[in-house]
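As structure tokens, the structure follows; a few thoughts come after it.
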2 protein chains.
Amino acid sequence: VGVGDDTAVLAGGLLFATDVLTEGVHFDLRWSTPADVGWKALAVNLSDIAAMGGTPRAAVCGVVLGAGRQGQADDLAAGIMAAAAELGCPLVGGDTVVGAALTVTVAVIGDSPDGGAVLRSGAQPGDSIFITGPLGGSKAALGALRRGGAADPVALARLQRPVPRLVEGRTAAAAGASAMIDLSDGLSSDLAHICRASGVGARLQASAVPVGPGAVVDDALSGGDDYELCFTASDPVRVAEAFAAAGLHLPAPIGTVTVGDEVLLATPAGGTWPLAPSGWEHTVE
Amino acid sequence: VGVGDDTAVLAGGLLFATDVLTEGVHFDLRWSTPADVGWKALAVNLSDIAAMGGTPRAAVCGVVLGAGRQGQADDLAAGIMAAAAELGCPLVGGDTVVGAALTVTVAVIGDSPDGGAVLRSGAQPGDSIFITGPLGGSKAALGALRRGGAADPVALARLQRPVPRLVEGRTAAAAGASAMIDLSDGLSSDLAHICRASGVGARLQASAVPVGPGAVVDDALSGGDDYELCFTASDPVRVAEAFAAAGLHLPAPIGTVTVGDEVLLATPAGGTWPLAPSGWEHTVE
């Protein structure tokens with residue numbers, strides 16, 4: 001398996017992925033410290049490992065410091081080392097240069113679960129669709145900050161220092177998840193990736209989507225940067241039992257995989273609407 | 001083995017490294033195309049694998065395209081894909097964003113040779129010091145370009161599209177290399193890394209250092225970006241036999257590892273001078 005899933009899957013089940021965070025696109029130093037950026041650079045890569053049901057093994061990090069702002073290096077390093085320790089993925093190498101704008105590129109390797117990595121392409125009509133937690137909090141927090149207001153503190157902490165759902169990903173894999181993705185671009189976009197890769201459609205219940213602090217349903221459908229997992233599975237009871245046995249919050253069932261290629265949203269009023277993938281801009285208006 | 005060698009060496013001998021190339025620091029688009037930059041970004045990472053005696057397995061690539069210059073993406077991709085094919089390392093994943101300046105961060109994994117990765121720290125007094133090819137050509141070519149002149153075409157091609165010495169690295173490992181490094185920063189700097197890591201000194205014969213096209217001895221001692229390998233080994237006959245059996249040019253013996261911590265240069269006139277590590281600026285005057 002090469003380019004196109006959350007990570008590449010190499011012979012022997014080794015997972016390999018990279019993500020770039022660059023100033024003005026993925027973060028804004030008005031409301032994230034360099035330490036937050038370092039944390040997030042590792043965390044978003046680990047979220048890709050989580051989306052395969054995998055376990056991280058090690059990471060390397062390439063950093064461009066903005067000219068005249070080399071003083072950010074120590075703070076950045078403290079953030080990424082904190083994430084390495086707390087999220088259980090040693091940082092084993094790196095390269096730091098001075099250039100135009102703060103840019104942090106992490107690459108991570110990991111191991112597939114025993115049953116093999118969970119790809120985006122395995123969803124089957126009739127499967128249930130789950131998400132591991134409430135959505136939209138990051139979008140709502142970012143919107144509040146942009147308007148000069150105060151963000152919900154829980155949502156802001158999650159925007160600044162997301163926690164990859166590694167245990168949830170492994171638990172979903174063990175419970176027979178047929179397809180999985182991490183919600184970095186937003187539910188409407190990322191679920192469309194699963195549907196396209198699997199050759200299926202989906203029908204979501206708008207009222208079943210858990211909404212994050214300070215957010216509304218539209219934020220939950222279109223907002224990115226939440227780093228919860230979305231997965232499909234044929235046996236909802238097995239999923240619930242596995243998450244309960246692991247001491248995790250139960251994932252929310254939000255809809256069903258369908259034949260075809262449409263992603264439909266069923267509203268409480270009884271109508272159904274096509275759910276268009278909405279682009280998610282991390283920091284830019 | 002963590003941070004500090006050419007690559008990290010993980011359990012099972014897996015090698016893992018990353019290098020960042022950013023515009024204005026590592027390349028100048030006046031004399032390198034985006035395709036050259038893509039080639040070089042992968043090649044310099046493979047040179048790190050070569051310096052461990054290893055074999056590359058796969059690479060991932062994070063790219064920042066300068067705003068308004070997204071048209072460079074296709075050319076860059078062509079260059080990195082050409083390197084992947086010709087140098088034998090599949091590119092299995094990536095992430096591309098638009099930001100401040102062209103930046104290419106490649107991460108690579110590879111496998112150690114059967115006898116274990118060759119570190120920087122194994123040089124022993126009495127070992128011979130070898131380099132796999134002539135040095136200084138990149139510095140001389142860059143100097144000619146900066147003065148508005150014409151560069152030696154062979155040296156210029158090597159500056160634009162370096163070829164990592166993968167076969168040479170594996171052959172040196174099989175011939176009992178005790179320490180090895182790739183010459184990215186220049187002989188004086190990189191040999192000092194081996195001496196410091198190994199707790200030894202070195203004595204070089206200036207007249208024995210092969211000098212690249214268009215270059216002089218000082219270029220060969222201080223110039224970087226050549227991507228030849230420097231290694232130490234106790235048995236020069238075994239080294240020569242192994243390289244000959246592999247159909248390779250014989251590496252040049254340029255000196256001897258000594259007790260102590262000084263790196264001395266013996267001149268043809270009979271004097272010896274301390275060889276200070278000289279910083280190497282890839283493109284900046």
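By order in the structure tokens, chains are A, B, ...; within a chain, residues start at 1; ligands start at 1, following the order shown.
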Report task. Write out as a PyMOL selection string each polymer residue whose atoms come within 9 Å of A:Asn45, counting only C-alpha atoms; drop sequence neighbours fewer than 4 positions from it. Result -> chain A and resi 17-19+40-41+49-50+59+106-108+164
Report task. With a distance threshold of 10 Å and counting only C-alpha atoms, extract the residues of chain A near chain B and express them as a VMD selection string. Result -> chain A and resid 1 to 11 16 to 26 57 to 64 90 to 109
Report task. Enumerate, as number ranges by chain, the complete set of residues in stretch 43-146 of chain A that a backbone-based DSSP assignment places in strand (DSSP E). Result -> A: 55-66, 91-99, 103-111, 128-131
Query - Residues near B:Trp31, cut-off 10 Å, only C-alpha atoms, skip fewer than 4 positions along chain, as a list in words - result: Phe27, Asp36, Leu142, Leu145, Arg146, Leu156, Leu159 and Gln160 of chain B
Report summary line: Here atom CA of A:Thr171 and atom CA of A:Ile80 stand apart by 25.7 Å
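Using only C-alpha atoms, the nearest neighbour of B:Met52 within the list B:Arg170, B:His249, B:Arg30, B:Arg203 is B:Arg170.
In terms of minimum interatomic distance to A:Val259, A:Gly126 ranks closest within A:Gly247, A:Gly137, A:Gly186, A:Gly126, counting only C-alpha atoms.
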